[in-house]
Amino acid sequence: MTRTSLPAAINEVAIRDPVMAHLVALVGPIEYRARDPDGPFTALARAIIYQQLAGRAAQAIHGRVLSTVGGRLTPESLTAVPDEALRAAGLSGNKLASLRDLSSRVLDGTVDLSRLSRLGDDEVIAELTTVRGIGRWTAEMFLMFQLRRLDVWPVDDLGVRQGYGLAWGLDSPPSAKELAPLGDRFRPYRSIVARYCWEAVALFRGGTDPALR
């Protein structure tokens with residue numbers, strides 16, 4: 001099956017819905033974010049480190065962890081470093097346990113990152129969420145940005161819910177349960193809609209359509 005290009009997917013969701021057409025006109029075409037150049041393990045390890053931290057704090061800790069493990073996050077480099085050194089770099093106990101679990105599962109083959117690109121979205125989520133500290137949202141972000149899947153609908157993401165509410169003029173952001181069926185008409189390109197919802201948060205800040213300002 002031929003994979004749909006990103007521009008074609010953007011055009012399709014704009015055709016299907018006037019609100020999406022308006023968002024695309026305001027924002028312009030989005031592009032794929034760069035994949036982690038060191039591969040899927042590094043992307044997941046970075047996601048664990050960044051969880052529940054502000055940007056600058058997360059960057060600082062990530063940088064110290066990289067220095068501690070010798071410049072590259074791999075299962076082998078993490079395993080070679082004692083807990084005390086990683087805690088000194090700023091990792092919490094929970095994040096350290098998550099990184100240890102990810103490393104051990106990759107090394108023993110319980111989680112095979114090399115095959116994820118061949119799995120369906122639900123299969124990827126099921127495999128990744130066996131790792132301590134990787135929930136559905138983290139797996140969805142991995143699907144969207146590392147695997148570049150076009151039909152991910154992260155209903156638990158506050159930014160997506162807020163952006164949807166603002167763009168479609170709702171009185172309040174939809175709950176995750178309410179948002180889930182609202183993406184159905186955009187299948188199989190819900191990732192595109194989610195990304196434009198994130199853009200809408202900044203565009204419609206204050207509740208005003210920027211085109212009317």
# chains A, B, ... in the order shown; residues from 1 in each chain; ligands from 1

call {"tool": "residues_around", "arguments": {"residues": "Ala47 in chain A", "least_positions_apart": "4", "cutoff": "12 Å", "atoms": "only C-alpha atoms", "output": "JSON, numbers by chain"}}
result
{"A": [36, 40, 41, 42, 43, 51, 52, 53, 55, 58, 59, 62, 73, 95, 98, 99, 102, 133, 134, 135, 137, 138, 139, 140, 141, 142, 145, 146]}

call {"tool": "residues_around", "arguments": {"residues": "range 74-87 of chain A", "least_positions_apart": "6", "cutoff": "9 Å", "atoms": "only C-alpha atoms", "output": "VMD selection string"}}
result
chain A and resid 38 41 to 42 45 64 to 65 68 93 96 99 to 100 102 to 104 106 to 107

call {"tool": "write_last_selection", "arguments": {"atoms": "C-alpha atoms", "output": "PDB file, in the first residue's frame"}}
result
ATOM      1  CA  ASP A  38      20.354   7.955  17.489  1.00  0.00           C
ATOM      2  CA  PHE A  41      15.881   3.704  22.167  1.00  0.00           C
ATOM      3  CA  THR A  42      17.328   7.172  22.562  1.00  0.00           C
ATOM      4  CA  ALA A  45      14.887   7.309  26.967  1.00  0.00           C
ATOM      5  CA  ARG A  64      23.991  15.697  32.466  1.00  0.00           C
ATOM      6  CA  VAL A  65      22.754  12.150  31.882  1.00  0.00           C
ATOM      7  CA  THR A  68      27.405  10.620  32.579  1.00  0.00           C
ATOM      8  CA  GLY A  93      14.149   7.263  41.492  1.00  0.00           C
ATOM      9  CA  LEU A  96      15.915   5.757  36.908  1.00  0.00           C
ATOM     10  CA  LEU A  99      15.301   3.658  32.226  1.00  0.00           C
ATOM     11  CA  ARG A 100      16.637   0.492  33.851  1.00  0.00           C
ATOM     12  CA  LEU A 102      13.623  -0.099  29.285  1.00  0.00           C
ATOM     13  CA  SER A 103      17.297  -1.040  29.000  1.00  0.00           C
ATOM     14  CA  SER A 104      16.848  -4.545  30.385  1.00  0.00           C
ATOM     15  CA  VAL A 106      15.635  -4.137  25.066  1.00  0.00           C
ATOM     16  CA  LEU A 107      18.759  -6.106  25.938  1.00  0.00           C
TER      17      LEU A 107
END

call {"tool": "select_by_dssp", "arguments": {"residues": "range 81-181 of chain A", "states": "alpha helix (DSSP H)", "output": "JSON, numbers by chain"}}
result
{"A": [83, 84, 85, 86, 87, 88, 93, 94, 95, 96, 97, 98, 99, 100, 101, 102, 103, 104, 105, 106, 107, 121, 122, 123, 124, 125, 126, 127, 128, 136, 137, 138, 139, 140, 141, 158, 159, 160, 161, 162, 163, 164, 165, 166, 167, 176, 177, 178, 179, 180, 181]}

call {"tool": "closest_residue", "arguments": {"among": "A:Ala9, A:Val111, A:Ala202, A:Leu147", "to": "Arg33 in chain A", "atoms": "only C-alpha atoms"}}
result
A:Leu147

call {"tool": "closest_residue", "arguments": {"among": "A:Arg72, A:Arg185, A:Lys177, A:Arg115", "to": "Asp17 in chain A", "atoms": "only C-alpha atoms"}}
result
A:Arg185

call {"tool": "closest_residue", "arguments": {"among": "A:Gly71, A:Gly39, A:Gly120, A:Pro188", "to": "Leu143 in chain A", "atoms": "only C-alpha atoms"}}
result
A:Gly120

call {"tool": "closest_residue", "arguments": {"among": "A:Glu127, A:Gly165, A:Asp171, A:Ile192", "to": "Val152 in chain A", "atoms": "only C-alpha atoms"}}
result
A:Ile192

call {"tool": "atom_distance", "arguments": {"atom1": "CA of His22 in chain A", "atom2": "CA of Glu199 in chain A"}}
result
12.1 Å

call {"tool": "closest_residue", "arguments": {"among": "A:Thr129, A:Ser67, A:Gln162, A:Thr110", "to": "Leu44 in chain A", "atoms": "only C-alpha atoms"}}
result
A:Thr129

call {"tool": "closest_residue", "arguments": {"among": "A:Ile61, A:Ala34, A:Ala167, A:Cys197", "to": "Trp153 in chain A", "atoms": "only C-alpha atoms"}}
result
A:Cys197

call {"tool": "atom_distance", "arguments": {"atom1": "CA of Asp156 in chain A", "atom2": "CA of Gly63 in chain A"}}
result
28.4 Å
